[in-house]
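Working notes, beginning with the structure itself.
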Amino acid sequence: MTVEDVRATLGARVLVGEEHLDREVRSACGSDMMSDVLAFSKDHSVLLTGLVNPQVVRTAEMLDIVCIIFIRGKKADEKLLEMARERGLVVLETGHRMFTACGMLYAAGLRGGAV
C-alpha cells in the first residue's frame, strides 16, 4: 500500500508532502500517546493521532514513520507543518474518528504491528 492509497481510503486532505504520496506503507499505528507509538510502531508506518503538537513530528522522525494523519478534523499550525516539511513527512487530515479511520485502513488491507 502507498500513502496515496491511505489518503484515498480515508478521503483525507494532504497538508504537506504531496510529492511523497508514492511511498510504501507497511503498517499503521493509532494513538494519542506518543509513548505507545514509540513502543509499538514499526518502520514505514502511518501514525493516526488526534494529538497536534511538535512531539508528534519528532516521534515520527525517530521511528521512520512516513505519514502522520490527524483525525477528527484536527488542525495543525504552520510551525508544525513546516517541521514535517523539513523532515520529508507526509501530513494528512481527515474528519474520521480514530476507530473509524483505523477500521477503514484495516479493511483496505493495512495491518498494525504485533504486540
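Naming works like this for the C-alpha cells: A, B, ... for the chains as they're shown, residue 1 at the start of each chain, ligands 1 onward in shown order.
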
According to DSSP computed on the backbone, where in chain A is there strand (DSSP E)? Give the residues as a list in words.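 Everything in chain A that counts as strand (DSSP E) is Arg13, Val14, Leu15, Val16, Ser27, Ala28, Cys29, Gly30, Ser45, Val46, Leu47, Leu48, Thr49, Cys67, Ile68, Ile69, Phe70, Val90, Val91, Leu92 and Glu93 of chain A.
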
Could you tell me how far CA of Val14 (chain A) sits from CA of Gln55 (chain A), in Å to one decimal place? 19.8 Å

I'd like to know which of A:Leu38, A:Met104, A:Leu15, A:Leu10 is closest to Leu89 (chain A), using only C-alpha atoms.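 Residue with the minimum atom-to-atom distance to Leu89 (chain A): A:Leu15.
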
Would you mind listing what lies within 8 Å of region 25-30 of chain A as a short mmCIF file (atom, residue, chain, number, x, y, z; two decimals) with all heavy atoms, in the first residue's frame, with only C-alpha atoms counted and same-chain residues fewer than 2 positions away left out?
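Produced file selection37.cif, reproduced below:
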```cif
data_model
loop_
_atom_site.label_atom_id
_atom_site.label_comp_id
_atom_site.auth_asym_id
_atom_site.auth_seq_id
_atom_site.Cartn_x
_atom_site.Cartn_y
_atom_site.Cartn_z
N MET A 1 0.84 -1.17 0.00
CA MET A 1 0.00 0.00 0.00
C MET A 1 0.89 1.24 0.00
O MET A 1 1.96 1.24 0.59
CB MET A 1 -0.90 -0.04 1.24
CG MET A 1 -1.87 1.12 1.35
SD MET A 1 -3.02 0.98 2.74
CE MET A 1 -4.19 -0.19 2.07
N THR A 2 0.44 2.30 -0.63
CA THR A 2 1.18 3.56 -0.65
C THR A 2 0.45 4.60 0.20
O THR A 2 -0.71 4.40 0.58
CB THR A 2 1.32 4.11 -2.08
OG1 THR A 2 0.01 4.45 -2.57
CG2 THR A 2 2.00 3.10 -3.01
N VAL A 3 1.12 5.71 0.43
CA VAL A 3 0.48 6.81 1.16
C VAL A 3 -0.74 7.30 0.38
O VAL A 3 -1.77 7.62 0.96
CB VAL A 3 1.48 7.96 1.42
CG1 VAL A 3 0.77 9.15 2.06
CG2 VAL A 3 2.63 7.50 2.29
N ARG A 23 5.20 6.78 -1.50
CA ARG A 23 5.96 5.99 -0.52
C ARG A 23 5.18 4.78 -0.03
O ARG A 23 3.97 4.83 0.12
CB ARG A 23 6.34 6.85 0.69
CG ARG A 23 7.40 7.85 0.38
CD ARG A 23 7.84 8.55 1.63
NE ARG A 23 8.92 9.48 1.33
CZ ARG A 23 9.25 10.49 2.10
NH1 ARG A 23 8.60 10.71 3.22
NH2 ARG A 23 10.23 11.28 1.76
N ASP A 32 -2.92 8.56 20.66
CA ASP A 32 -2.63 9.92 21.09
C ASP A 32 -1.51 9.93 22.12
O ASP A 32 -1.07 10.99 22.55
CB ASP A 32 -3.88 10.57 21.69
CG ASP A 32 -4.94 10.85 20.64
OD1 ASP A 32 -4.61 10.86 19.44
OD2 ASP A 32 -6.10 11.08 21.02
N VAL A 37 3.24 4.87 20.81
CA VAL A 37 3.77 4.87 19.44
C VAL A 37 5.22 4.42 19.45
O VAL A 37 5.63 3.58 18.65
CB VAL A 37 3.63 6.27 18.79
CG1 VAL A 37 4.26 6.30 17.41
CG2 VAL A 37 2.16 6.68 18.72
N PHE A 40 5.21 0.55 20.08
CA PHE A 40 4.54 -0.40 19.20
C PHE A 40 4.60 -0.11 17.71
O PHE A 40 4.19 -0.93 16.91
CB PHE A 40 3.07 -0.54 19.60
CG PHE A 40 2.89 -1.02 21.01
CD1 PHE A 40 2.35 -0.19 21.98
CD2 PHE A 40 3.29 -2.29 21.39
CE1 PHE A 40 2.19 -0.61 23.28
CE2 PHE A 40 3.15 -2.73 22.70
CZ PHE A 40 2.60 -1.88 23.64
N SER A 41 5.10 1.03 17.31
CA SER A 41 5.12 1.37 15.89
C SER A 41 6.29 0.68 15.18
O SER A 41 7.31 0.37 15.78
CB SER A 41 5.23 2.88 15.72
OG SER A 41 5.11 3.21 14.36
N LYS A 42 6.12 0.47 13.88
CA LYS A 42 7.15 -0.13 13.04
C LYS A 42 7.58 0.85 11.96
O LYS A 42 6.90 1.83 11.69
CB LYS A 42 6.61 -1.40 12.38
CG LYS A 42 6.30 -2.51 13.34
CD LYS A 42 5.86 -3.72 12.56
CE LYS A 42 5.75 -4.94 13.46
NZ LYS A 42 5.47 -6.15 12.71
N ASP A 43 8.70 0.53 11.30
CA ASP A 43 9.17 1.35 10.18
C ASP A 43 8.14 1.34 9.05
O ASP A 43 7.39 0.39 8.87
CB ASP A 43 10.48 0.80 9.63
CG ASP A 43 11.65 1.02 10.59
OD1 ASP A 43 11.49 1.79 11.56
OD2 ASP A 43 12.71 0.43 10.35
N HIS A 44 8.17 2.41 8.28
CA HIS A 44 7.31 2.57 7.11
C HIS A 44 5.83 2.48 7.48
O HIS A 44 5.04 1.84 6.80
CB HIS A 44 7.65 1.55 6.02
CG HIS A 44 8.98 1.77 5.42
ND1 HIS A 44 10.10 1.16 5.92
CD2 HIS A 44 9.39 2.55 4.41
CE1 HIS A 44 11.15 1.54 5.21
NE2 HIS A 44 10.75 2.40 4.30
N SER A 45 5.47 3.11 8.59
CA SER A 45 4.08 3.07 9.01
C SER A 45 3.45 4.45 8.91
O SER A 45 4.12 5.45 8.67
CB SER A 45 3.97 2.54 10.44
OG SER A 45 4.58 3.42 11.35
N VAL A 46 2.13 4.48 9.08
CA VAL A 46 1.41 5.73 9.22
C VAL A 46 0.99 5.85 10.68
O VAL A 46 0.74 4.85 11.34
CB VAL A 46 0.18 5.83 8.29
CG1 VAL A 46 0.59 5.80 6.84
CG2 VAL A 46 -0.84 4.75 8.58
N LEU A 47 0.94 7.07 11.15
CA LEU A 47 0.53 7.35 12.51
C LEU A 47 -0.77 8.14 12.47
O LEU A 47 -0.82 9.23 11.90
CB LEU A 47 1.61 8.15 13.25
CG LEU A 47 1.23 8.75 14.60
CD1 LEU A 47 0.80 7.66 15.58
CD2 LEU A 47 2.38 9.57 15.16
N LEU A 48 -1.81 7.57 13.05
CA LEU A 48 -3.08 8.27 13.18
C LEU A 48 -3.17 8.81 14.59
O LEU A 48 -2.99 8.06 15.55
CB LEU A 48 -4.25 7.31 12.93
CG LEU A 48 -4.33 6.74 11.52
CD1 LEU A 48 -3.73 5.36 11.48
CD2 LEU A 48 -5.76 6.73 11.06
N THR A 49 -3.44 10.10 14.72
CA THR A 49 -3.48 10.71 16.04
C THR A 49 -4.35 11.95 16.06
O THR A 49 -4.52 12.61 15.03
CB THR A 49 -2.05 11.05 16.53
OG1 THR A 49 -2.10 11.50 17.88
CG2 THR A 49 -1.38 12.10 15.66
N VAL A 66 6.28 7.35 7.85
CA VAL A 66 6.27 8.09 6.60
C VAL A 66 5.11 9.08 6.49
O VAL A 66 5.15 9.99 5.65
CB VAL A 66 6.26 7.14 5.37
CG1 VAL A 66 7.52 6.31 5.34
CG2 VAL A 66 5.03 6.27 5.35
N MET A 98 -10.83 8.16 15.31
CA MET A 98 -9.75 7.17 15.33
C MET A 98 -10.25 5.76 14.99
O MET A 98 -9.68 5.08 14.14
CB MET A 98 -9.08 7.17 16.71
CG MET A 98 -7.96 6.15 16.85
SD MET A 98 -6.41 6.71 16.16
CE MET A 98 -5.93 7.90 17.39
N CYS A 102 -9.03 3.83 11.59
CA CYS A 102 -8.25 2.58 11.71
C CYS A 102 -9.00 1.42 11.07
O CYS A 102 -8.39 0.60 10.37
CB CYS A 102 -7.94 2.29 13.18
SG CYS A 102 -6.75 3.42 13.92
N LEU A 110 -4.39 -2.84 5.42
CA LEU A 110 -3.25 -2.38 6.22
C LEU A 110 -3.36 -2.95 7.62
O LEU A 110 -4.43 -2.96 8.22
CB LEU A 110 -3.24 -0.84 6.28
CG LEU A 110 -1.99 -0.18 6.78
CD1 LEU A 110 -0.77 -0.56 5.94
CD2 LEU A 110 -2.16 1.33 6.77
N ARG A 111 -2.26 -3.44 8.15
CA ARG A 111 -2.26 -4.07 9.47
C ARG A 111 -1.37 -3.29 10.43
O ARG A 111 -0.53 -2.49 10.02
CB ARG A 111 -1.74 -5.52 9.39
CG ARG A 111 -2.61 -6.41 8.50
CD ARG A 111 -4.02 -6.55 9.05
NE ARG A 111 -4.85 -7.46 8.29
CZ ARG A 111 -5.85 -7.08 7.48
NH1 ARG A 111 -6.09 -5.80 7.31
NH2 ARG A 111 -6.56 -7.96 6.84
N GLY A 112 -1.56 -3.56 11.71
CA GLY A 112 -0.73 -2.95 12.75
C GLY A 112 0.41 -3.88 13.07
O GLY A 112 0.52 -4.99 12.56
N GLY A 113 1.27 -3.41 13.94
CA GLY A 113 2.39 -4.24 14.39
C GLY A 113 1.95 -5.25 15.44
O GLY A 113 0.94 -5.06 16.10
#
```

Within 12 Å of Leu92 (chain A), counting only C-alpha atoms, which residues show up once you throw out same-chain ones fewer than 5 positions away? Write them as a VMD selection string, please. chain A and resid 3 to 4 6 to 18 20 to 21 46 to 50 52 66 to 76 81 84

Write the residues of the preceding selection, restricted to N, CA and C atoms, as a JSON list (two decimals), in the first residue's frame.
```json
[["chain", "number", "residue", "atom", "x", "y", "z"],
["A", 3, "VAL", "N", 1.12, 5.71, 0.43],
["A", 3, "VAL", "CA", 0.48, 6.81, 1.16],
["A", 3, "VAL", "C", -0.74, 7.30, 0.38],
["A", 4, "GLU", "N", -0.65, 7.31, -0.94],
["A", 4, "GLU", "CA", -1.80, 7.71, -1.76],
["A", 4, "GLU", "C", -2.98, 6.78, -1.54],
["A", 6, "VAL", "N", -3.63, 5.16, 1.19],
["A", 6, "VAL", "CA", -4.13, 5.54, 2.52],
["A", 6, "VAL", "C", -4.98, 6.79, 2.41],
["A", 7, "ARG", "N", -4.47, 7.79, 1.70],
["A", 7, "ARG", "CA", -5.20, 9.04, 1.52],
["A", 7, "ARG", "C", -6.55, 8.81, 0.87],
["A", 8, "ALA", "N", -6.55, 8.01, -0.19],
["A", 8, "ALA", "CA", -7.80, 7.74, -0.91],
["A", 8, "ALA", "C", -8.79, 6.96, -0.04],
["A", 9, "THR", "N", -8.30, 6.00, 0.71],
["A", 9, "THR", "CA", -9.16, 5.19, 1.57],
["A", 9, "THR", "C", -9.88, 6.05, 2.59],
["A", 10, "LEU", "N", -9.17, 7.01, 3.15],
["A", 10, "LEU", "CA", -9.74, 7.87, 4.19],
["A", 10, "LEU", "C", -10.41, 9.13, 3.62],
["A", 11, "GLY", "N", -10.22, 9.38, 2.33],
["A", 11, "GLY", "CA", -10.72, 10.64, 1.77],
["A", 11, "GLY", "C", -10.04, 11.82, 2.43],
["A", 12, "ALA", "N", -8.77, 11.64, 2.78],
["A", 12, "ALA", "CA", -8.02, 12.64, 3.54],
["A", 12, "ALA", "C", -7.48, 13.74, 2.64],
["A", 13, "ARG", "N", -7.17, 14.86, 3.26],
["A", 13, "ARG", "CA", -6.60, 16.01, 2.56],
["A", 13, "ARG", "C", -5.11, 16.08, 2.87],
["A", 14, "VAL", "N", -4.29, 16.32, 1.85],
["A", 14, "VAL", "CA", -2.84, 16.44, 2.02],
["A", 14, "VAL", "C", -2.52, 17.85, 2.49],
["A", 15, "LEU", "N", -1.81, 17.94, 3.62],
["A", 15, "LEU", "CA", -1.38, 19.24, 4.14],
["A", 15, "LEU", "C", 0.07, 19.53, 3.77],
["A", 16, "VAL", "N", 0.89, 18.48, 3.78],
["A", 16, "VAL", "CA", 2.32, 18.60, 3.50],
["A", 16, "VAL", "C", 2.77, 17.30, 2.85],
["A", 17, "GLY", "N", 3.70, 17.38, 1.91],
["A", 17, "GLY", "CA", 4.36, 16.19, 1.37],
["A", 17, "GLY", "C", 3.68, 15.53, 0.19],
["A", 18, "GLU", "N", 2.94, 16.29, -0.58],
["A", 18, "GLU", "CA", 2.25, 15.72, -1.73],
["A", 18, "GLU", "C", 3.20, 14.99, -2.68],
["A", 20, "HIS", "N", 5.46, 13.02, -1.90],
["A", 20, "HIS", "CA", 5.86, 11.73, -1.33],
["A", 20, "HIS", "C", 4.70, 10.72, -1.23],
["A", 21, "LEU", "N", 3.63, 10.95, -1.96],
["A", 21, "LEU", "CA", 2.47, 10.07, -1.86],
["A", 21, "LEU", "C", 2.72, 8.66, -2.39],
["A", 46, "VAL", "N", 2.13, 4.48, 9.08],
["A", 46, "VAL", "CA", 1.41, 5.73, 9.22],
["A", 46, "VAL", "C", 0.99, 5.85, 10.68],
["A", 47, "LEU", "N", 0.94, 7.07, 11.15],
["A", 47, "LEU", "CA", 0.53, 7.35, 12.51],
["A", 47, "LEU", "C", -0.77, 8.14, 12.47],
["A", 48, "LEU", "N", -1.81, 7.57, 13.05],
["A", 48, "LEU", "CA", -3.08, 8.27, 13.18],
["A", 48, "LEU", "C", -3.17, 8.81, 14.59],
["A", 49, "THR", "N", -3.44, 10.10, 14.72],
["A", 49, "THR", "CA", -3.48, 10.71, 16.04],
["A", 49, "THR", "C", -4.35, 11.95, 16.06],
["A", 50, "GLY", "N", -4.89, 12.24, 17.24],
["A", 50, "GLY", "CA", -5.61, 13.48, 17.46],
["A", 50, "GLY", "C", -4.74, 14.50, 18.17],
["A", 52, "VAL", "N", -2.01, 17.15, 18.24],
["A", 52, "VAL", "CA", -1.45, 18.06, 17.24],
["A", 52, "VAL", "C", -0.42, 18.97, 17.93],
["A", 66, "VAL", "N", 6.28, 7.35, 7.85],
["A", 66, "VAL", "CA", 6.27, 8.09, 6.60],
["A", 66, "VAL", "C", 5.11, 9.08, 6.49],
["A", 67, "CYS", "N", 4.10, 8.90, 7.33],
["A", 67, "CYS", "CA", 2.91, 9.73, 7.19],
["A", 67, "CYS", "C", 2.22, 9.91, 8.54],
["A", 68, "ILE", "N", 1.86, 11.14, 8.85],
["A", 68, "ILE", "CA", 1.06, 11.46, 10.03],
["A", 68, "ILE", "C", -0.34, 11.82, 9.55],
["A", 69, "ILE", "N", -1.34, 11.23, 10.19],
["A", 69, "ILE", "CA", -2.72, 11.54, 9.84],
["A", 69, "ILE", "C", -3.42, 12.12, 11.06],
["A", 70, "PHE", "N", -3.81, 13.37, 10.96],
["A", 70, "PHE", "CA", -4.56, 13.99, 12.05],
["A", 70, "PHE", "C", -6.04, 13.68, 11.86],
["A", 71, "ILE", "N", -6.64, 13.11, 12.89],
["A", 71, "ILE", "CA", -8.03, 12.66, 12.83],
["A", 71, "ILE", "C", -8.97, 13.69, 13.43],
["A", 72, "ARG", "N", -10.26, 13.43, 13.32],
["A", 72, "ARG", "CA", -11.32, 14.26, 13.90],
["A", 72, "ARG", "C", -11.25, 15.72, 13.45],
["A", 73, "GLY", "N", -10.68, 15.95, 12.27],
["A", 73, "GLY", "CA", -10.60, 17.31, 11.74],
["A", 73, "GLY", "C", -9.66, 18.22, 12.49],
["A", 74, "LYS", "N", -8.74, 17.65, 13.25],
["A", 74, "LYS", "CA", -7.76, 18.45, 13.99],
["A", 74, "LYS", "C", -6.91, 19.27, 13.02],
["A", 75, "LYS", "N", -6.59, 20.49, 13.40],
["A", 75, "LYS", "CA", -5.84, 21.40, 12.53],
["A", 75, "LYS", "C", -4.43, 21.62, 13.07],
["A", 76, "ALA", "N", -3.46, 21.41, 12.22],
["A", 76, "ALA", "CA", -2.06, 21.64, 12.58],
["A", 76, "ALA", "C", -1.71, 23.09, 12.23],
["A", 81, "LEU", "N", 3.57, 22.10, 10.58],
["A", 81, "LEU", "CA", 3.64, 21.68, 9.18],
["A", 81, "LEU", "C", 5.02, 21.95, 8.59],
["A", 84, "ALA", "N", 7.33, 19.19, 9.71],
["A", 84, "ALA", "CA", 7.09, 17.97, 8.93],
["A", 84, "ALA", "C", 7.69, 18.11, 7.53]]
```

Helix (DSSP H, G or I) positions in chain A, given as a ChimeraX atom specification: /A:3-10,18-20,34-40,54-62,78-86,98-107

How about saving the chosen residues, C-alpha atoms kept, as an mmCIF file, in the first residue's frame?
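Output file part_23.cif follows:
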```
data_model
loop_
_atom_site.group_PDB
_atom_site.id
_atom_site.type_symbol
_atom_site.label_atom_id
_atom_site.label_comp_id
_atom_site.auth_asym_id
_atom_site.auth_seq_id
_atom_site.Cartn_x
_atom_site.Cartn_y
_atom_site.Cartn_z
ATOM 1 C CA VAL A 3 0.481 6.814 1.158
ATOM 2 C CA GLU A 4 -1.796 7.711 -1.757
ATOM 3 C CA ASP A 5 -3.797 4.516 -1.138
ATOM 4 C CA VAL A 6 -4.135 5.537 2.517
ATOM 5 C CA ARG A 7 -5.199 9.041 1.524
ATOM 6 C CA ALA A 8 -7.797 7.744 -0.905
ATOM 7 C CA THR A 9 -9.163 5.186 1.573
ATOM 8 C CA LEU A 10 -9.744 7.872 4.186
ATOM 9 C CA GLU A 18 2.246 15.716 -1.729
ATOM 10 C CA GLU A 19 5.443 14.799 -3.592
ATOM 11 C CA HIS A 20 5.856 11.731 -1.331
ATOM 12 C CA MET A 34 3.472 9.018 21.893
ATOM 13 C CA SER A 35 4.916 6.566 24.442
ATOM 14 C CA ASP A 36 2.683 3.861 22.927
ATOM 15 C CA VAL A 37 3.769 4.875 19.440
ATOM 16 C CA LEU A 38 7.399 4.532 20.499
ATOM 17 C CA ALA A 39 6.693 1.090 21.955
ATOM 18 C CA PHE A 40 4.543 -0.403 19.200
ATOM 19 C CA PRO A 54 5.595 19.152 17.634
ATOM 20 C CA GLN A 55 6.174 15.961 19.658
ATOM 21 C CA VAL A 56 4.193 14.033 17.038
ATOM 22 C CA VAL A 57 6.626 15.096 14.313
ATOM 23 C CA ARG A 58 9.644 14.312 16.498
ATOM 24 C CA THR A 59 8.245 10.863 17.282
ATOM 25 C CA ALA A 60 7.551 10.171 13.605
ATOM 26 C CA GLU A 61 11.071 11.176 12.693
ATOM 27 C CA MET A 62 12.620 8.847 15.285
ATOM 28 C CA GLU A 78 2.079 26.290 10.244
ATOM 29 C CA LYS A 79 5.041 25.721 12.587
ATOM 30 C CA LEU A 80 4.188 22.018 12.927
ATOM 31 C CA LEU A 81 3.637 21.679 9.177
ATOM 32 C CA GLU A 82 6.996 23.328 8.499
ATOM 33 C CA MET A 83 8.699 20.846 10.856
ATOM 34 C CA ALA A 84 7.094 17.975 8.929
ATOM 35 C CA ARG A 85 8.041 19.508 5.576
ATOM 36 C CA GLU A 86 11.688 19.864 6.651
ATOM 37 C CA MET A 98 -9.751 7.170 15.334
ATOM 38 C CA PHE A 99 -11.798 3.958 15.478
ATOM 39 C CA THR A 100 -13.386 4.563 12.085
ATOM 40 C CA ALA A 101 -10.153 5.591 10.359
ATOM 41 C CA CYS A 102 -8.252 2.584 11.711
ATOM 42 C CA GLY A 103 -11.112 0.285 10.680
ATOM 43 C CA MET A 104 -11.153 1.687 7.170
ATOM 44 C CA LEU A 105 -7.415 1.133 6.773
ATOM 45 C CA TYR A 106 -7.661 -2.370 8.245
ATOM 46 C CA ALA A 107 -10.484 -3.239 5.817
#
```

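Taking CA of Ile65 (chain A) as the reference point, CA of Val90 (chain A) is found at 9.3 Å.
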